[in-house]
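Q: Here you go, this is coords.txt (compact mmCIF, C-alpha atoms and all ligand atoms).
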```
# COMPACT_ATOMS: atom_id res chain seq x y z
CA MET A 284 -2.63 7.78 -6.73
CA ARG A 285 -1.38 4.84 -8.72
CA ALA A 286 -4.25 2.52 -7.78
CA THR A 287 -2.64 -0.57 -9.24
CA ASP A 288 0.65 -0.04 -7.42
CA ASP A 289 1.03 -3.53 -5.99
CA THR A 290 3.90 -2.53 -3.71
CA LEU A 291 1.41 -0.78 -1.44
CA SER A 292 -0.05 -2.58 1.55
CA LEU A 293 -3.73 -3.41 1.85
CA ASP A 294 -4.27 -0.71 4.47
CA THR A 295 -2.88 1.95 2.14
CA LEU A 296 -4.82 0.68 -0.87
CA ALA A 297 -8.02 0.68 1.19
CA VAL A 298 -7.65 4.45 1.66
CA HIS A 299 -6.26 5.41 -1.75
CA ALA A 300 -7.19 2.92 -4.48
CA GLY A 301 -9.63 4.48 -6.95
CA ARG A 302 -9.45 7.86 -5.21
CA GLU A 303 -8.01 11.02 -6.63
CA THR A 304 -8.39 14.66 -5.73
CA ASP A 305 -11.12 15.98 -8.05
CA ALA A 306 -9.41 17.71 -10.98
CA ALA A 307 -12.27 20.16 -11.58
CA THR A 308 -12.82 21.40 -8.01
CA GLY A 309 -9.95 20.25 -5.84
CA ALA A 310 -12.40 18.30 -3.66
CA VAL A 311 -10.43 15.82 -1.60
CA ALA A 312 -13.35 13.58 -0.62
CA PRO A 313 -14.83 11.88 -3.69
CA PRO A 314 -17.70 13.99 -5.10
CA LEU A 315 -21.05 12.34 -5.79
CA HIS A 316 -21.70 12.18 -9.53
CA ALA A 317 -25.45 11.86 -9.81
CA SER A 318 -25.63 12.66 -13.52
CA THR A 319 -27.24 9.94 -15.63
CA THR A 320 -25.74 11.20 -18.86
CA PHE A 321 -22.39 12.59 -19.99
CA LEU A 322 -21.17 15.08 -22.55
CA ARG A 323 -20.49 13.89 -26.10
CA SER A 324 -17.56 15.17 -28.14
CA ALA A 325 -17.91 16.75 -31.60
CA ASP A 326 -17.26 13.40 -33.30
CA GLY A 327 -20.04 11.71 -31.26
CA GLY A 328 -17.66 9.93 -28.91
CA GLU A 329 -17.40 10.19 -25.14
CA ALA A 330 -15.86 13.53 -24.21
CA HIS A 331 -14.70 12.31 -20.77
CA GLY A 332 -14.84 8.52 -20.98
CA PHE A 333 -18.45 8.13 -19.84
CA SER A 334 -21.73 7.97 -21.77
CA TYR A 335 -24.67 6.84 -19.66
CA ALA A 336 -24.74 5.97 -15.95
CA ARG A 337 -25.98 2.39 -16.31
CA ALA A 338 -22.99 1.63 -18.54
CA ASP A 339 -20.50 3.35 -16.26
CA ASN A 340 -20.19 6.37 -13.99
CA PRO A 341 -17.37 7.98 -12.03
CA ASN A 342 -18.40 6.73 -8.57
CA ARG A 343 -18.81 3.14 -9.75
CA ARG A 344 -15.51 3.23 -11.63
CA SER A 345 -13.74 4.46 -8.48
CA LEU A 346 -15.33 1.74 -6.38
CA GLU A 347 -14.48 -0.98 -8.90
CA THR A 348 -10.85 0.19 -9.02
CA CYS A 349 -10.77 0.00 -5.23
CA LEU A 350 -12.37 -3.46 -5.06
CA ALA A 351 -10.01 -4.88 -7.68
CA ALA A 352 -6.98 -3.45 -5.89
CA LEU A 353 -8.00 -4.81 -2.47
CA GLU A 354 -8.78 -8.28 -3.76
CA GLY A 355 -5.69 -8.41 -6.00
CA GLY A 356 -7.71 -8.87 -9.20
CA GLU A 357 -7.50 -7.23 -12.63
CA ALA A 358 -11.20 -6.36 -12.91
CA ALA A 359 -14.11 -5.70 -10.56
CA ILE A 360 -17.76 -5.43 -11.53
CA ALA A 361 -20.14 -3.88 -9.00
CA PHE A 362 -23.83 -4.73 -8.58
CA SER A 363 -26.81 -3.53 -6.58
CA SER A 364 -26.64 -6.46 -4.13
CA GLY A 365 -24.66 -9.59 -3.40
CA LEU A 366 -27.31 -11.75 -5.01
CA ALA A 367 -27.33 -9.60 -8.15
CA ALA A 368 -23.59 -10.31 -8.40
CA ALA A 369 -24.14 -14.06 -7.92
CA GLN A 370 -26.91 -14.11 -10.53
CA ALA A 371 -24.70 -12.23 -12.99
CA LEU A 372 -22.01 -14.90 -12.69
CA PHE A 373 -24.51 -17.67 -13.43
CA GLN A 374 -26.04 -15.68 -16.29
CA THR A 375 -22.75 -16.00 -18.18
CA LEU A 376 -23.45 -19.74 -18.46
CA ALA A 377 -25.49 -21.51 -21.13
CA PRO A 378 -28.36 -23.99 -20.80
CA GLY A 379 -26.94 -27.45 -20.13
CA ASP A 380 -23.90 -26.09 -18.28
CA HIS A 381 -23.31 -27.64 -14.88
CA VAL A 382 -22.60 -25.88 -11.57
CA VAL A 383 -21.17 -27.54 -8.47
CA CYS A 384 -22.20 -25.49 -5.45
CA ASP A 385 -21.36 -25.94 -1.81
CA GLN A 386 -24.39 -27.24 0.07
CA ASP A 387 -23.83 -24.63 2.82
CA ALA A 388 -23.52 -21.69 0.42
CA TYR A 389 -25.60 -18.63 1.28
CA TYR A 390 -29.29 -19.54 1.27
CA GLY A 391 -30.17 -16.96 -1.41
CA VAL A 392 -27.42 -18.17 -3.75
CA ARG A 393 -28.69 -21.76 -3.51
CA LYS A 394 -32.34 -20.70 -3.87
CA GLY A 395 -31.51 -18.48 -6.83
CA LEU A 396 -29.86 -21.43 -8.57
CA GLN A 397 -32.69 -23.83 -7.76
CA ILE A 398 -35.55 -21.52 -8.69
CA GLY A 399 -34.38 -19.14 -11.41
CA LEU A 400 -31.41 -20.82 -12.98
CA ALA A 401 -32.66 -24.39 -13.06
CA ARG A 402 -35.47 -23.01 -15.24
CA TRP A 403 -32.80 -21.44 -17.43
CA GLY A 404 -31.46 -24.96 -17.98
CA LEU A 405 -28.44 -25.04 -15.69
CA GLU A 406 -27.63 -28.44 -14.21
CA LEU A 407 -26.88 -28.28 -10.49
CA SER A 408 -25.08 -30.38 -7.88
CA PHE A 409 -24.94 -29.37 -4.23
CA VAL A 410 -22.08 -30.99 -2.33
CA ASP A 411 -20.11 -30.66 0.86
CA THR A 412 -16.99 -29.03 -0.57
CA ALA A 413 -15.12 -29.80 2.66
CA ASP A 414 -15.17 -33.36 1.28
CA LEU A 415 -12.67 -33.21 -1.61
CA ALA A 416 -13.46 -36.72 -2.87
CA ALA A 417 -17.21 -36.03 -2.97
CA THR A 418 -16.55 -32.73 -4.73
CA ALA A 419 -14.32 -34.45 -7.31
CA ARG A 420 -17.09 -36.99 -8.02
CA ALA A 421 -19.62 -34.21 -8.62
CA PHE A 422 -17.83 -32.85 -11.72
CA THR A 423 -19.17 -33.67 -15.19
CA PRO A 424 -17.71 -32.77 -18.60
CA ARG A 425 -20.15 -29.80 -18.60
CA THR A 426 -19.13 -28.40 -15.19
CA ARG A 427 -18.31 -24.73 -15.69
CA VAL A 428 -18.39 -23.32 -12.15
CA LEU A 429 -17.41 -24.56 -8.70
CA TRP A 430 -18.97 -22.22 -6.12
CA LEU A 431 -17.36 -22.02 -2.66
CA GLU A 432 -18.10 -20.08 0.47
CA THR A 433 -15.77 -20.07 3.46
CA PRO A 434 -16.29 -19.50 6.33
CA SER A 435 -19.87 -20.58 5.72
CA ASN A 436 -23.09 -19.49 7.29
CA PRO A 437 -24.16 -20.17 10.03
CA LEU A 438 -21.89 -23.01 11.19
CA LEU A 439 -18.65 -21.30 10.12
CA LYS A 440 -17.56 -24.34 8.15
CA ILE A 441 -14.14 -23.98 6.50
CA VAL A 442 -13.19 -25.41 3.12
CA ASP A 443 -9.70 -25.68 1.61
CA ILE A 444 -9.63 -22.98 -1.07
CA ALA A 445 -6.27 -23.94 -2.62
CA ALA A 446 -7.18 -27.64 -2.88
CA LEU A 447 -10.58 -26.86 -4.41
CA ALA A 448 -9.09 -24.32 -6.82
CA ALA A 449 -6.67 -27.00 -8.02
CA LEU A 450 -9.54 -29.48 -8.38
CA GLY A 451 -11.57 -26.98 -10.38
CA ARG A 452 -8.62 -26.32 -12.68
CA VAL A 453 -8.19 -30.05 -13.40
CA HIS A 454 -11.85 -30.24 -14.44
CA GLY A 455 -11.83 -27.02 -16.47
CA ALA A 456 -14.29 -25.24 -14.15
CA ARG A 457 -14.03 -21.67 -12.91
CA VAL A 458 -13.70 -21.61 -9.16
CA VAL A 459 -15.66 -18.79 -7.53
CA CYS A 460 -15.35 -17.97 -3.84
CA ASP A 461 -17.88 -15.98 -1.83
CA ASN A 462 -15.45 -14.02 0.34
CA THR A 463 -18.09 -11.99 2.19
CA PHE A 464 -17.42 -13.36 5.69
CA ALA A 465 -13.62 -13.17 5.46
CA THR A 466 -13.06 -10.08 3.27
CA PRO A 467 -9.73 -9.59 1.43
CA VAL A 468 -8.28 -8.42 4.74
CA LEU A 469 -8.30 -11.98 6.10
CA GLN A 470 -8.42 -14.24 3.06
CA ARG A 471 -7.06 -14.02 -0.50
CA PRO A 472 -8.94 -16.47 -2.77
CA LEU A 473 -7.41 -15.18 -6.01
CA GLU A 474 -3.91 -15.79 -4.66
CA LEU A 475 -5.04 -19.29 -3.68
CA GLY A 476 -6.03 -20.08 -7.28
CA CYS A 477 -9.68 -18.99 -7.58
CA GLU A 478 -10.67 -17.11 -10.71
CA VAL A 479 -13.48 -15.00 -9.29
CA VAL A 480 -14.32 -13.62 -5.85
CA MET A 481 -17.86 -12.60 -4.95
CA HIS A 482 -18.83 -10.16 -2.21
CA SER A 483 -21.99 -8.95 -0.64
CA THR A 484 -20.59 -5.45 -0.08
CA THR A 485 -23.75 -4.90 2.00
CA LYS A 486 -21.81 -6.49 4.85
CA TYR A 487 -18.22 -5.67 5.88
CA TYR A 488 -17.40 -3.38 2.93
CA GLY A 489 -20.32 -1.03 3.54
CA GLY A 490 -19.68 -1.72 7.18
CA HIS A 491 -22.36 0.55 8.65
CA GLY A 492 -25.56 -1.29 7.81
CA ASP A 493 -26.87 1.47 5.56
CA VAL A 494 -26.12 0.44 1.98
CA MET A 495 -26.60 -2.64 -0.18
CA GLY A 496 -24.21 -3.83 -2.86
CA GLY A 497 -22.41 -6.74 -4.41
CA ALA A 498 -19.34 -7.32 -6.53
CA LEU A 499 -17.44 -9.84 -8.58
CA ILE A 500 -13.67 -9.50 -8.77
CA CYS A 501 -11.90 -11.39 -11.57
CA ALA A 502 -8.30 -12.54 -11.38
CA ARG A 503 -7.86 -11.59 -15.02
CA ARG A 504 -9.38 -9.07 -17.39
CA ASP A 505 -10.45 -11.87 -19.74
CA ALA A 506 -13.50 -13.03 -21.72
CA LEU A 507 -15.37 -13.87 -18.50
CA ALA A 508 -14.77 -10.36 -17.13
CA ASP A 509 -16.11 -8.94 -20.44
CA LYS A 510 -19.22 -11.11 -20.21
CA LEU A 511 -19.81 -10.03 -16.63
CA ARG A 512 -19.45 -6.38 -17.65
CA GLU A 513 -22.06 -7.07 -20.35
CA VAL A 514 -24.49 -8.61 -17.82
CA GLN A 515 -23.97 -5.61 -15.55
CA HIS A 516 -24.69 -3.20 -18.40
CA LEU A 517 -27.61 -5.07 -20.00
CA GLY A 518 -29.10 -6.64 -16.85
CA GLY A 519 -29.03 -3.24 -15.18
CA ALA A 520 -28.68 -4.44 -11.56
CA ILE A 521 -26.27 -1.61 -10.84
CA PRO A 522 -25.50 0.20 -7.59
CA SER A 523 -26.40 3.90 -7.53
CA PRO A 524 -23.57 6.45 -7.47
CA ARG A 525 -24.41 7.15 -3.80
CA ASP A 526 -24.25 3.41 -2.98
CA CYS A 527 -20.83 3.25 -4.61
CA GLN A 528 -19.63 6.30 -2.70
CA LEU A 529 -20.76 4.80 0.62
CA ILE A 530 -19.23 1.40 -0.06
CA GLN A 531 -15.94 3.00 -1.04
CA ARG A 532 -16.01 5.08 2.12
CA GLY A 533 -16.51 1.84 4.05
CA ALA A 534 -13.56 0.26 2.25
CA ALA A 535 -11.17 2.82 3.76
CA THR A 536 -11.78 1.51 7.28
CA LEU A 537 -12.36 -2.14 6.28
CA PRO A 538 -8.94 -3.42 7.43
CA LEU A 539 -9.20 -1.65 10.80
CA ARG A 540 -12.75 -2.80 11.44
CA VAL A 541 -12.30 -6.41 10.37
CA ARG A 542 -9.15 -6.95 12.43
CA ARG A 543 -10.79 -5.46 15.51
CA GLN A 544 -14.00 -7.46 14.96
CA SER A 545 -11.93 -10.65 14.56
CA ALA A 546 -10.05 -10.03 17.80
CA THR A 547 -13.28 -9.38 19.71
CA ALA A 548 -15.01 -12.42 18.17
CA LEU A 549 -12.12 -14.65 19.28
CA GLU A 550 -12.42 -13.28 22.80
CA LEU A 551 -16.18 -13.90 22.82
CA ALA A 552 -15.76 -17.43 21.39
CA ARG A 553 -13.26 -18.34 24.12
CA TRP A 554 -15.53 -16.93 26.80
CA LEU A 555 -18.64 -18.67 25.44
CA GLN A 556 -16.79 -21.98 25.36
CA ARG A 557 -16.38 -21.81 29.14
CA GLN A 558 -20.08 -21.21 29.87
CA PRO A 559 -22.13 -24.17 31.15
CA ALA A 560 -25.23 -22.66 29.48
CA VAL A 561 -23.51 -23.07 26.08
CA SER A 562 -23.23 -26.55 24.56
CA ALA A 563 -21.11 -25.72 21.47
CA VAL A 564 -19.27 -22.78 19.91
CA HIS A 565 -18.68 -22.61 16.16
CA TYR A 566 -15.70 -20.36 15.49
CA PRO A 567 -12.75 -21.30 13.24
CA GLY A 568 -10.33 -19.58 15.59
CA LEU A 569 -10.93 -22.22 18.28
CA PRO A 570 -8.44 -25.11 18.10
CA ASP A 571 -11.22 -27.71 18.35
CA HIS A 572 -13.10 -26.35 15.32
CA PRO A 573 -12.92 -29.02 12.55
CA GLY A 574 -11.63 -26.45 10.04
CA HIS A 575 -9.17 -24.73 12.37
CA ALA A 576 -5.98 -26.01 10.72
CA ILE A 577 -7.11 -25.01 7.23
CA ALA A 578 -8.42 -21.67 8.49
CA ALA A 579 -5.11 -20.96 10.22
CA ARG A 580 -3.36 -21.61 6.90
CA GLN A 581 -5.61 -19.60 4.59
CA MET A 582 -6.82 -16.79 6.85
CA SER A 583 -4.80 -14.16 8.71
CA ALA A 584 -7.48 -13.96 11.45
CA PHE A 585 -10.79 -15.76 11.86
CA GLY A 586 -13.41 -13.10 11.26
CA GLY A 587 -16.14 -11.33 13.16
CA MET A 588 -18.85 -13.99 12.79
CA LEU A 589 -19.51 -16.82 15.21
CA SER A 590 -22.38 -19.01 16.29
CA PHE A 591 -23.09 -21.05 19.39
CA ARG A 592 -25.67 -23.48 20.69
CA VAL A 593 -27.38 -22.98 24.00
CA ALA A 594 -27.79 -25.95 26.28
CA GLY A 595 -31.52 -26.42 25.73
CA ASP A 596 -34.03 -26.08 22.92
CA GLY A 597 -35.10 -23.48 20.37
CA GLN A 598 -37.30 -21.70 22.90
CA ARG A 599 -34.33 -21.16 25.16
CA ALA A 600 -32.27 -19.82 22.25
CA LEU A 601 -35.07 -17.38 21.41
CA ALA A 602 -35.21 -16.30 25.05
CA VAL A 603 -31.45 -15.61 25.09
CA VAL A 604 -31.74 -13.53 21.91
CA ALA A 605 -34.65 -11.58 23.43
CA ALA A 606 -32.76 -10.97 26.69
CA ALA A 607 -29.75 -9.31 25.03
CA ARG A 608 -29.59 -5.53 25.39
CA LEU A 609 -26.42 -4.45 23.61
CA PHE A 610 -26.64 -7.01 20.82
CA THR A 611 -29.51 -6.04 18.51
CA PRO A 612 -31.75 -8.91 17.42
CA ALA A 613 -31.59 -8.62 13.63
CA THR A 614 -30.27 -10.45 10.61
CA SER A 615 -27.28 -9.41 8.43
CA LEU A 616 -23.68 -8.87 9.49
CA GLY A 617 -20.53 -6.85 9.20
CA SER A 618 -21.80 -3.56 10.60
CA VAL A 619 -20.35 -1.46 13.42
CA GLU A 620 -23.07 -2.61 15.85
CA SER A 621 -23.24 -6.20 17.12
CA LEU A 622 -26.19 -8.28 15.99
CA ILE A 623 -27.68 -11.44 17.48
CA GLU A 624 -29.92 -13.76 15.51
CA HIS A 625 -31.91 -16.95 15.88
CA ARG A 626 -31.00 -18.28 12.43
CA ALA A 627 -33.60 -21.03 12.23
CA SER A 628 -36.40 -18.43 12.61
CA SER A 629 -34.86 -16.20 9.93
CA GLU A 630 -34.51 -19.08 7.50
CA GLY A 631 -38.11 -20.23 7.92
CA PRO A 632 -39.74 -23.66 8.13
CA ALA A 633 -37.44 -25.31 5.56
CA SER A 634 -34.35 -24.42 7.63
CA THR A 635 -31.97 -27.21 8.59
CA THR A 636 -30.10 -24.96 11.04
CA PRO A 637 -30.17 -26.35 14.61
CA ARG A 638 -32.95 -24.59 16.53
CA GLU A 639 -30.75 -24.04 19.60
CA LEU A 640 -28.23 -22.11 17.49
CA ILE A 641 -27.58 -18.39 17.88
CA ARG A 642 -25.50 -16.40 15.40
CA LEU A 643 -23.49 -13.32 16.34
CA SER A 644 -22.13 -10.60 14.13
CA VAL A 645 -19.53 -8.91 16.29
CA GLY A 646 -19.35 -5.14 15.95
CA LEU A 647 -16.97 -2.51 17.28
CA GLU A 648 -18.17 -2.28 20.88
CA ALA A 649 -15.75 -3.13 23.70
CA ALA A 650 -15.38 -6.90 24.17
CA ALA A 651 -16.00 -6.59 27.93
CA ASP A 652 -19.38 -4.91 27.35
CA LEU A 653 -20.41 -7.56 24.81
CA ILE A 654 -19.40 -10.37 27.16
CA ALA A 655 -21.34 -8.75 30.02
CA ASP A 656 -24.40 -8.55 27.76
CA LEU A 657 -24.12 -12.23 26.78
CA GLU A 658 -23.62 -13.21 30.40
CA ARG A 659 -26.76 -11.34 31.41
CA ALA A 660 -28.77 -12.79 28.49
CA LEU A 661 -27.66 -16.36 29.26
CA THR A 662 -28.52 -15.93 32.93
CA ALA A 663 -31.82 -14.09 32.41
CA ALA A 664 -33.19 -16.48 29.80
C1 LIG B 1 -25.62 -11.39 2.58
C2 LIG B 1 -24.86 -12.40 1.84
C3 LIG B 1 -25.10 -12.66 0.48
C4 LIG B 1 -26.19 -11.93 -0.30
O1 LIG B 1 -25.91 -10.58 -0.41
P1 LIG B 1 -27.04 -9.43 -0.49
O2 LIG B 1 -26.22 -8.18 -0.53
O3 LIG B 1 -27.93 -9.58 0.69
O4 LIG B 1 -27.78 -9.67 -1.78
C5 LIG B 1 -24.33 -13.61 -0.16
N1 LIG B 1 -23.37 -14.30 0.51
C6 LIG B 1 -23.14 -14.09 1.82
C7 LIG B 1 -22.09 -14.90 2.49
C8 LIG B 1 -23.86 -13.15 2.53
O5 LIG B 1 -23.63 -12.97 3.83
```
Reformat the file's structure so that it appears as structure tokens.
Ligand SMILES: *Cc1c(COP(=O)(O)O)cnc(C)c1O

A:
Amino acid sequence: MRATDDTLSLDTLAVHAGRETDAATGAVAPPLHASTTFLRSADGGEAHGFSYARADNPNRRSLETCLAALEGGEAAIAFSSGLAAAQALFQTLAPGDHVVCDQDAYYGVRKGLQIGLARWGLELSFVDTADLAATARAFTPRTRVLWLETPSNPLLKIVDIAALAALGRVHGARVVCDNTFATPVLQRPLELGCEVVMHSTTKYYGGHGDVMGGALICARRDALADKLREVQHLGGAIPSPRDCQLIQRGAATLPLRVRRQSATALELARWLQRQPAVSAVHYPGLPDHPGHAIAARQMSAFGGMLSFRVAGDGQRALAVVAAARLFTPATSLGSVESLIEHRASSEGPASTTPRELIRLSVGLEAAADLIADLERALTAA
């Protein structure tokens, strides 16, 4: 199909972008191309547009076409994990360059900056990007990247993408948005002025908890996209052809899954809010969430992630997690099965997450069954 046909809706692109019936065999489902090397032509060139699988391969090219189409970007570069994608973005910078990063950005992104990239000579500022004035003050003449994540983990904080994109533009910084929690189904950072979107495709894209991946999608096929392609090629943190095939398979059902997961999460959030055993619910779809108005403007639904605090201490939260039967106690998110997690334990002793907080990744089970499970866990604990 014409993968870049921008008259097609997201649901249609999710099924067709980057996919073609195999010319050699007529296979309708995308074949797995495991070959590491590709035929050369008589003049030494690439006979079929590929040379070596780290540089490019048919499954990765299909996935990247799909990711670019869904996000509305001109180029997508796929990696072996979300953090490999984040590192690649920062590796395009030079020593002395400055990064402004949201203080609630994914733990691994912040740690990767502080440990690896500070040594590389990057200057770092961590700010609350929900505070536009504080974010504006953080810029220096060397600021090259403003890194956003919304909704954030685990408090589901919302930041104003369009306002921050405008702020980044004024200061000559590239604005990058980690769109993992929202996915392009719910939120369109490139249309709101960001230049790059990052995904952990391990989560909603893969969607079945059985493959890891990451991606950067660039608004334009420009010098930055070329540099990122170079880091992908020379850094070598590439997804395998099978990983690409699985993530692209996940992409086909992404819109269906994410809309359903959002609807169920909203139902759960409303139910949790009425429980005396629950002291707070963090979900941007609730009108009393501090970011609700912005979320309602920049998201088409509020996502499948939510967190809540039990009335009581960390021990009680752990007991609730342990008492759940349908929710599986495990980290990660975006899969078909619902997960429940005591975030403070996962993050370790340095965690600043409230100890009475429980995070849910809502899967595809029936809302009534999930509510019954939470009710039982809250009562049993
Ligand atoms: C999981 C996650 C990452 C890191 O991705 P990996 O695939 O685990 O490397 C980054 N950002 C967010 C929001 C995530 O949930």

Q: Hey, could you pull the box centre and edge lengths for ligand LIG 1 (chain B), axis-aligned, 4 Å padding per side, all listed atoms, to one decimal in Å, as JSON?

A:
```
{"center_x": -25.0, "center_y": -11.5, "center_z": 1.0, "size_x": 13.8, "size_y": 14.7, "size_z": 13.6}
```

Q: Check the smallest atom-to-atom distance from each of A:Glu303, A:Glu639, A:Asp385, A:Glu550 to ligand LIG 1 (chain B) using all atoms listed in the file, then report the winner.

A: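 That would be A:Asp385, the residue with the smallest distance to ligand LIG 1 (chain B).
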
Q: If we count all atoms listed in the file and set the cut-off at 9 Å, which residues sit around A:Val382, ignoring sequence neighbours fewer than 2 positions away in its own chain? Please answer as a PyMOL selection string.

A: chain A and resi 373+380+384+405-409+422+425-430+456

Q: What lies within 6 Å of stretch 471-484 of chain A using all atoms listed in the file, ignoring chain neighbours under 6 positions off, as a list in words?

A: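 My reading of the contact set: Gly365, Ala445, Ala448, Val458, Val459, Cys460, Asp461, Asn462, Thr463, Gly496, Gly497, Ala498, Leu499, Ile500, Cys501 and Ala502 of chain A.
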
Q: What separation in Å, quoted to one decimal, exists between atom CA of A:Arg608 and atom CA of A:Leu551?

A: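 Atom-to-atom, atom CA of A:Arg608 and atom CA of A:Leu551 are spaced 16.0 Å apart.
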
Q: From the list A:Ala506, A:Ala655, A:Ala401, A:Ile530, which residue is nearest ligand LIG 1 (chain B) when using all atoms listed in the file?

A: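 Smallest distance to ligand LIG 1 (chain B) is found for A:Ile530.
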
Q: Any residue with an atom at most 9 Å from ligand LIG 1 (chain B) counts, using all atoms listed in the file. Which are they? Put them as a PyMOL selection string.

A: chain A and resi 363-369+388-392+432-436+461-464+481-486+494-497+615-617

Q: I need the residue nearest A:Gln598 from this list: A:Val383, A:Val468, A:Ala627, A:Ala546. Use only C-alpha atoms for the distance.

A: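 Of A:Val383, A:Val468, A:Ala627, A:Ala546, the one nearest A:Gln598, counting only C-alpha atoms, is A:Ala627.
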
Q: Separation of atom CA of A:Ala300 and atom CA of A:Ala534, in Å?

A: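 Calculated distance between atom CA of A:Ala300 and atom CA of A:Ala534 is 9.6 Å.
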
Q: Mind pulling up the distance from atom CA of A:Phe321 to atom CA of A:Gly519?

A: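 The value is 17.8 Å.
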
Q: Extract, using all atoms listed in the file, all DNA, RNA and protein residues at most 8 Å from A:Arg337, discarding same-chain residues fewer than 3 positions from it, and format them as a list of chain:residue names.

A: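 Skipping anything fewer than 3 positions along the chain leaves A:Thr319, A:Asn340, A:His516, A:Gly519, A:Ile521.
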